[in-house]
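**Student:** Sharing my_file.tsv below, TSV, C-alpha atoms:
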chain	number	residue	atom	x	y	z
A	530	MET	CA	119.76	85.89	135.00
A	531	GLY	CA	117.99	88.90	136.44
A	532	PRO	CA	117.55	89.81	140.10
A	533	ARG	CA	115.30	87.86	142.40
A	534	PHE	CA	112.19	89.74	143.45
A	535	PRO	CA	109.99	89.34	146.48
A	536	HIS	CA	106.81	87.46	145.62
A	537	TRP	CA	104.56	90.50	145.90
A	538	LEU	CA	106.68	92.37	143.31
A	539	GLN	CA	107.06	89.39	140.99
A	540	SER	CA	103.29	89.24	140.61
A	541	LEU	CA	103.23	92.89	139.49
A	542	TYR	CA	106.45	92.84	137.48
A	543	PRO	CA	106.63	89.31	135.98
A	544	PHE	CA	109.69	89.88	133.83
A	545	GLU	CA	113.28	88.71	133.50
A	546	PRO	CA	115.31	91.94	133.15
A	547	GLN	CA	118.36	92.09	130.93
A	548	ARG	CA	121.64	93.82	131.75
A	549	PHE	CA	123.78	96.26	129.76
A	550	ASP	CA	127.17	97.57	130.85
A	551	THR	CA	127.44	101.27	130.00
A	552	GLY	CA	131.07	101.46	131.10
A	553	ARG	CA	130.02	103.56	134.09
A	554	GLY	CA	127.55	101.10	135.56
A	555	VAL	CA	125.16	98.34	134.53
A	556	MET	CA	121.70	99.24	133.32
A	557	SER	CA	118.71	96.96	133.76
A	558	TYR	CA	116.11	96.85	131.02
A	559	LEU	CA	113.17	94.79	129.87
A	560	ASP	CA	113.35	93.18	126.45
A	561	GLU	CA	110.15	91.27	125.76
A	562	GLY	CA	109.22	89.92	122.34
A	563	THR	CA	111.25	89.50	119.17
A	564	GLY	CA	112.15	91.30	115.98
A	565	ASP	CA	114.17	94.31	114.86
A	566	GLU	CA	111.18	96.66	115.30
A	567	ALA	CA	110.49	97.64	118.89
A	568	VAL	CA	108.60	99.99	121.17
A	569	VAL	CA	111.14	101.70	123.43
A	570	MET	CA	109.70	103.04	126.69
A	571	VAL	CA	111.67	105.64	128.63
A	572	HIS	CA	110.73	106.57	132.20
A	573	GLY	CA	111.32	109.67	134.29
A	574	ASN	CA	111.91	110.59	137.92
A	575	PRO	CA	111.15	109.02	140.40
A	576	THR	CA	109.78	106.03	138.50
A	577	TRP	CA	111.42	103.10	136.69
A	578	SER	CA	110.38	100.53	134.08
A	579	PHE	CA	107.70	99.45	136.57
A	580	PHE	CA	105.72	102.46	135.27
A	581	TYR	CA	105.37	100.69	131.90
A	582	ARG	CA	104.57	97.20	133.23
A	583	HIS	CA	100.99	97.11	131.90
A	584	LEU	CA	102.02	98.38	128.49
A	585	VAL	CA	104.73	95.73	128.22
A	586	LEU	CA	102.29	92.99	129.24
A	587	GLY	CA	99.68	94.27	126.81
A	588	LEU	CA	101.97	94.74	123.81
A	589	ARG	CA	104.75	92.16	124.05
A	590	GLY	CA	102.84	89.44	122.20
A	591	ARG	CA	102.42	91.76	119.22
A	592	ILE	CA	105.65	93.77	119.09
A	593	ARG	CA	109.01	93.75	120.84
A	594	CYS	CA	108.98	95.92	123.96
A	595	ILE	CA	112.04	97.51	125.54
A	596	ALA	CA	111.70	99.44	128.80
A	597	VAL	CA	114.86	100.83	130.36
A	598	ASP	CA	115.91	101.70	133.89
A	599	HIS	CA	118.24	104.68	133.78
A	600	LEU	CA	121.49	104.30	135.66
A	601	GLY	CA	120.71	105.02	139.31
A	602	CYS	CA	117.07	104.04	138.85
A	603	GLY	CA	114.99	100.91	139.16
A	604	LEU	CA	117.04	97.73	139.06
A	605	SER	CA	120.06	99.37	137.44
A	606	GLU	CA	123.26	99.89	139.38
A	607	LYS	CA	123.43	103.10	141.36
A	608	PRO	CA	127.05	104.30	141.24
A	609	GLN	CA	127.82	107.12	143.64
A	610	ASP	CA	130.45	108.68	141.34
A	611	PHE	CA	128.35	109.00	138.16
A	612	ASN	CA	127.44	112.50	136.91
A	613	TYR	CA	123.68	111.81	136.49
A	614	THR	CA	123.23	114.57	133.92
A	615	LEU	CA	120.87	114.71	130.97
A	616	ALA	CA	123.72	114.22	128.51
A	617	GLU	CA	125.04	111.18	130.40
A	618	HIS	CA	121.62	109.50	130.61
A	619	THR	CA	121.02	110.19	126.92
A	620	ALA	CA	124.40	108.71	125.97
A	621	ASN	CA	123.68	105.57	128.02
A	622	LEU	CA	120.36	105.04	126.27
A	623	ARG	CA	121.90	105.58	122.84
A	624	ARG	CA	124.62	103.01	123.61
A	625	LEU	CA	121.98	100.50	124.66
A	626	LEU	CA	119.90	101.08	121.53
A	627	ASP	CA	122.97	100.73	119.32
A	628	SER	CA	123.77	97.41	120.98
A	629	LEU	CA	120.32	95.99	120.19
A	630	GLY	CA	120.59	96.28	116.41
A	631	LEU	CA	117.10	97.70	115.96
A	632	ARG	CA	115.90	98.66	112.50
A	633	ARG	CA	112.86	100.65	113.61
A	634	ILE	CA	111.97	102.29	116.92
A	635	HIS	CA	108.61	103.50	118.20
A	636	LEU	CA	109.20	105.71	121.23
A	637	ILE	CA	107.12	106.27	124.36
A	638	VAL	CA	108.36	108.91	126.81
A	639	HIS	CA	107.29	110.25	130.18
A	640	ASP	CA	108.73	112.95	132.46
A	641	TRP	CA	112.58	112.98	132.16
A	642	GLY	CA	112.13	110.24	129.58
A	643	GLY	CA	111.12	113.01	127.17
A	644	PRO	CA	114.47	114.76	126.79
A	645	ILE	CA	116.42	111.53	127.36
A	646	GLY	CA	114.42	109.38	124.94
A	647	LEU	CA	114.08	112.05	122.27
A	648	GLY	CA	117.71	113.07	122.68
A	649	ALA	CA	118.82	109.48	122.09
A	650	THR	CA	116.52	108.70	119.17
A	651	LEU	CA	116.71	112.01	117.33
A	652	ALA	CA	120.45	111.40	117.16
A	653	ASN	CA	119.50	108.70	114.61
A	654	PRO	CA	116.20	109.97	113.21
A	655	GLY	CA	116.11	107.49	110.35
A	656	GLN	CA	115.43	104.78	112.94
A	657	LEU	CA	112.56	106.64	114.61
A	658	ALA	CA	109.00	105.90	113.49
A	659	ARG	CA	106.05	106.70	115.81
A	660	VAL	CA	106.21	108.68	119.06
A	661	VAL	CA	103.91	108.71	122.10
A	662	ILE	CA	104.29	111.64	124.49
A	663	LEU	CA	103.06	111.32	128.07
A	664	ASN	CA	103.32	114.29	130.49
A	665	THR	CA	106.82	115.49	129.74
A	666	ALA	CA	108.78	118.40	128.34
A	667	ALA	CA	111.73	118.41	125.96
A	668	PHE	CA	112.12	122.16	125.71
A	669	ALA	CA	113.33	124.96	127.96
A	670	ASP	CA	110.84	126.40	130.44
A	671	THR	CA	111.17	128.30	133.69
A	672	ARG	CA	108.07	126.93	135.45
A	673	VAL	CA	109.07	124.67	138.36
A	674	PRO	CA	106.54	123.97	141.16
A	675	ALA	CA	107.51	125.19	144.63
A	676	ARG	CA	107.48	121.66	146.08
A	677	ILE	CA	110.11	120.63	143.51
A	678	ARG	CA	112.16	123.79	144.03
A	679	LEU	CA	112.30	122.92	147.73
A	680	CYS	CA	114.00	119.62	146.86
A	681	ARG	CA	116.71	121.57	145.01
A	682	VAL	CA	117.77	123.65	148.01
A	683	PRO	CA	121.42	122.83	148.84
A	684	ARG	CA	121.82	120.33	151.69
A	685	LEU	CA	118.15	120.60	152.71
A	686	GLY	CA	116.96	119.19	149.40
A	687	GLU	CA	119.36	116.26	149.54
A	688	TRP	CA	118.31	115.48	153.11
A	689	LEU	CA	114.63	115.56	152.09
A	690	VAL	CA	115.02	113.45	148.94
A	691	ARG	CA	117.70	110.97	150.01
A	692	GLY	CA	117.19	110.91	153.76
A	693	LEU	CA	113.39	111.04	154.02
A	694	ASN	CA	112.53	109.74	150.53
A	695	GLY	CA	110.71	113.05	150.16
A	696	PHE	CA	110.36	112.81	146.40
A	697	ALA	CA	109.58	109.22	145.42
A	698	TRP	CA	107.28	108.57	148.38
A	699	PRO	CA	105.06	111.68	147.98
A	700	ALA	CA	104.81	110.92	144.26
A	701	THR	CA	102.92	107.70	145.04
A	702	TRP	CA	99.96	109.83	146.06
A	703	MET	CA	100.63	113.27	144.53
A	704	ALA	CA	101.20	111.93	140.98
A	705	VAL	CA	97.87	110.08	140.77
A	706	SER	CA	94.22	111.01	140.98
A	707	LYS	CA	93.14	107.49	141.95
A	708	ARG	CA	94.63	105.88	145.03
A	709	LEU	CA	97.26	103.28	144.16
A	710	PRO	CA	96.99	99.81	145.72
A	711	ALA	CA	99.50	99.28	148.54
A	712	ASP	CA	101.65	96.83	146.57
A	713	VAL	CA	101.81	99.17	143.59
A	714	ARG	CA	103.02	101.97	145.88
A	715	ARG	CA	105.62	99.57	147.26
A	716	GLY	CA	106.61	98.66	143.71
A	717	TYR	CA	107.39	102.24	142.80
A	718	LEU	CA	109.47	102.65	145.97
A	719	TYR	CA	111.18	99.24	145.91
A	720	PRO	CA	114.43	100.40	144.24
A	721	TYR	CA	114.72	103.52	146.39
A	722	ASN	CA	115.03	102.10	149.89
A	723	ASN	CA	118.05	103.92	151.32
A	724	TRP	CA	120.27	106.99	151.00
A	725	SER	CA	122.61	105.48	148.42
A	726	ASN	CA	119.82	104.09	146.27
A	727	ARG	CA	118.12	107.49	146.06
A	728	ILE	CA	121.08	109.24	144.48
A	729	ALA	CA	119.53	109.56	141.01
A	730	THR	CA	116.20	110.69	142.44
A	731	HIS	CA	117.99	113.67	143.96
A	732	ARG	CA	120.35	114.31	141.06
A	733	PHE	CA	117.48	114.44	138.57
A	734	VAL	CA	115.90	117.23	140.62
A	735	VAL	CA	119.20	119.12	140.85
A	736	ASP	CA	119.75	118.68	137.10
A	737	ILE	CA	116.48	120.31	136.02
A	738	PRO	CA	117.58	122.84	133.37
A	739	ARG	CA	117.35	126.43	134.60
A	740	ASP	CA	118.07	128.38	131.42
A	741	GLU	CA	121.37	129.57	132.92
A	742	GLY	CA	123.70	128.17	130.29
A	743	GLY	CA	124.72	125.08	132.28
A	744	PRO	CA	125.56	121.67	130.75
A	745	SER	CA	122.00	120.37	130.94
A	746	ASP	CA	120.63	123.61	129.51
A	747	ARG	CA	122.87	123.06	126.51
A	748	ALA	CA	121.90	119.39	126.24
A	749	LEU	CA	118.22	120.29	126.36
A	750	ALA	CA	118.71	123.01	123.74
A	751	GLU	CA	120.15	120.37	121.40
A	752	VAL	CA	117.05	118.22	121.85
A	753	GLN	CA	114.70	121.17	121.41
A	754	ALA	CA	116.44	122.17	118.19
A	755	LYS	CA	115.58	118.77	116.69
A	756	LEU	CA	111.92	118.61	117.72
A	757	SER	CA	110.85	119.86	114.30
A	758	ILE	CA	111.86	116.42	112.97
A	759	LEU	CA	108.81	115.05	114.79
A	760	ARG	CA	106.51	117.04	112.52
A	761	ASP	CA	107.30	114.42	109.89
A	762	ARG	CA	106.45	111.54	112.24
A	763	PRO	CA	103.12	110.31	113.60
A	764	VAL	CA	102.86	111.60	117.19
A	765	ARG	CA	100.26	110.72	119.80
A	766	ILE	CA	99.95	112.82	122.97
A	767	LEU	CA	98.17	111.30	125.99
A	768	TRP	CA	98.21	113.83	128.81
A	769	GLY	CA	97.09	113.50	132.39
A	770	GLY	CA	95.18	116.71	132.98
A	771	ASP	CA	95.52	116.68	136.78
A	772	ASP	CA	99.33	116.84	136.73
A	773	PHE	CA	100.57	119.41	139.26
A	774	CYS	CA	103.93	119.73	137.48
A	775	PHE	CA	103.45	119.12	133.76
A	776	ASP	CA	100.18	120.99	133.62
A	777	ARG	CA	98.15	122.44	130.74
A	778	HIS	CA	100.90	125.00	130.09
A	779	TYR	CA	103.24	122.22	128.96
A	780	TYR	CA	100.49	120.45	127.05
A	781	ASN	CA	99.74	123.67	125.17
A	782	ARG	CA	103.40	124.12	124.33
A	783	TRP	CA	103.49	120.67	122.75
A	784	ARG	CA	100.37	121.54	120.74
A	785	VAL	CA	102.22	124.54	119.30
A	786	ILE	CA	105.44	122.62	118.63
A	787	LEU	CA	103.60	119.65	117.09
A	788	PRO	CA	100.33	121.01	115.71
A	789	GLY	CA	99.69	117.85	113.69
A	790	ALA	CA	99.84	115.51	116.69
A	791	PHE	CA	96.67	113.71	117.74
A	792	ALA	CA	96.28	114.72	121.39
A	793	ASP	CA	94.07	113.86	124.36
A	794	TYR	CA	93.95	115.95	127.52
A	795	LEU	CA	92.63	113.45	130.06
A	796	GLU	CA	90.73	115.11	132.88
A	797	GLY	CA	90.86	112.99	136.03
A	798	ALA	CA	94.29	111.51	135.31
A	799	GLY	CA	97.43	112.68	137.08
A	800	HIS	CA	101.13	112.69	136.27
A	801	TYR	CA	101.23	108.89	136.38
A	802	VAL	CA	98.78	108.82	133.50
A	803	LEU	CA	99.38	105.12	132.82
A	804	GLU	CA	98.04	104.36	136.29
A	805	ASP	CA	95.00	106.63	136.25
A	806	ALA	CA	93.99	105.93	132.63
A	807	ARG	CA	95.59	102.52	132.07
A	808	GLU	CA	93.03	100.83	129.86
A	809	TYR	CA	92.40	103.90	127.73
A	810	CYS	CA	96.12	104.49	127.18
A	811	LEU	CA	96.78	100.86	126.31
A	812	ARG	CA	93.93	100.83	123.82
A	813	GLU	CA	94.97	104.12	122.22
A	814	ILE	CA	98.66	103.20	122.03
A	815	SER	CA	97.85	99.82	120.49
A	816	ALA	CA	95.71	101.52	117.85
A	817	PHE	CA	98.32	104.19	117.21
A	818	LEU	CA	101.00	101.55	116.63
A	819	ASN	CA	98.63	99.70	114.24
A	820	LEU	CA	98.98	96.49	116.23
A	821	PRO	CA	96.68	93.52	115.57
Do you think you could lay out the structure here as structure tokens?
**Tutor:**
Amino acid sequence: MGPRFPHWLQSLYPFEPQRFDTGRGVMSYLDEGTGDEAVVMVHGNPTWSFFYRHLVLGLRGRIRCIAVDHLGCGLSEKPQDFNYTLAEHTANLRRLLDSLGLRRIHLIVHDWGGPIGLGATLANPGQLARVVILNTAAFADTRVPARIRLCRVPRLGEWLVRGLNGFAWPATWMAVSKRLPADVRRGYLYPYNNWSNRIATHRFVVDIPRDEGGPSDRALAEVQAKLSILRDRPVRILWGGDDFCFDRHYYNRWRVILPGAFADYLEGAGHYVLEDAREYCLREISAFLNLP
């Protein structure tokens, strides 16, 4: 039995989450529909499976939909002694996927979900079919916006992100071009309501690879080295063109890495592209997955 939600959230997120014990904490995830072929949706920071709610509702009657909450995020447990590194998140997702006995996976990734989702699925590429890329990077790059660098400053950054919610809260208006309804803003912030519950939000920012040879730099390099596998897979890129972080520079890099991908650069949509261009994305993803 999943957690009980307040009524306002239940109307936006009408699901019964499942639970998976990683050995370091329990992950929450949505598993809607049936079959051994599934669309796996992997979120970034500071979102959670709530980001994919409309996709799950729109697709679950036609294909099994799995949307995870990384440890420390969403409705998953938020252990204070977990490492919260790229390699750890990737390993958690791989363990979950292995437990589900899936024959075929279609992957949708956004933000940190890019390196985590691709890292987990490219470890078993025979299982991976179609891939949808939404405003993310899975390769080394040195461009980090100043407002994100500020959140990485020792002590000050932790106080801003964990004490003032200075990452998740600003994202509810900085990551969109169209104003979110009040309850949707509350939905994004619901899991991140105190210092302890914002641990992953901060650790994700700290863990951004810096091309300095650290553990997450090495983990990202392993993912990047396997991206050529995607040239043999159908890939659809849907990119919010008004993203202040993953801007056209990152979009252009994907176009070089995956020149055969069918790509849309959506002017007027921000980082939360599934909010700003919801109907278009749902329609395009449904068509890409060849769903009835």
**Student:** Would you mind listing what lies within 8 Å of Lys607 in chain A as a short mmCIF file (atom, residue, chain, number, x, y, z; two decimals) with C-alpha atoms, in the coordinates of the input, with all atoms listed in the file counted and same-chain residues fewer than 5 positions away left out?
**Tutor:**
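The resulting file, around10.cif, is reproduced below:
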data_model
loop_
_atom_site.label_atom_id
_atom_site.label_comp_id
_atom_site.auth_asym_id
_atom_site.auth_seq_id
_atom_site.Cartn_x
_atom_site.Cartn_y
_atom_site.Cartn_z
CA GLY A 554 127.55 101.10 135.56
CA LEU A 600 121.49 104.30 135.66
CA GLY A 601 120.71 105.02 139.31
CA CYS A 602 117.07 104.04 138.85
CA SER A 725 122.61 105.48 148.42
CA ASN A 726 119.82 104.09 146.27
CA ILE A 728 121.08 109.24 144.48
CA ALA A 729 119.53 109.56 141.01
#
**Student:** Write out as a ChimeraX atom specification the residues lying within 10 Å of Leu818 in chain A, counting only C-alpha atoms and excluding same-chain residues fewer than 6 positions away.
**Tutor:** /A:568,588,592,635,658-661,763,765
**Student:** Between A:Ala567, A:Ile637, A:Met703, A:Leu679, which residue has the minimum interatomic distance to Cys774 in chain A, considering only C-alpha atoms?
**Tutor:**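 Nearest candidate to Cys774 in chain A out of A:Ala567, A:Ile637, A:Met703, A:Leu679: A:Met703.
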**Student:** If you count all atoms listed in the file, which residues fall within 12 Å of Gly552 in chain A, apart from same-chain ones fewer than 6 positions away, as a list in words?
**Tutor:**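 Counting all atoms listed in the file, the residues come to Leu600, Glu606, Pro608, Phe611, Glu617, Ala620, Asn621, Arg624 and Leu625 of chain A.
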**Student:** Give me the residues near Arg684 in chain A as a list in words, where near means some atom within 12 Å (using only C-alpha atoms) and where sequence neighbours in that chain fewer than 6 positions away do not count.
**Tutor:** Val690, Arg691, Gly692, His731 and Val735 of chain A
**Student:** Could you tell me which of A:Gly655, A:Glu561, A:Asp640, A:Arg591 comes closest to Ala816 in chain A if we count only C-alpha atoms?
**Tutor:**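 Ranked by minimum distance to Ala816 in chain A, first place goes to A:Arg591.
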**Student:** Compare A:Asn664, A:Ser540, A:Gln609, A:Thr701 by their minimum atom-to-atom distance to Thr576 in chain A, counting only C-alpha atoms, and give me the closest one.
**Tutor:**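 Selected residue with least distance to Thr576 in chain A: A:Thr701.
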**Student:** Work out how far CA of Pro535 in chain A is from CA of Gly562 in chain A, in Å to one decimal.
**Tutor:** 24.2 Å
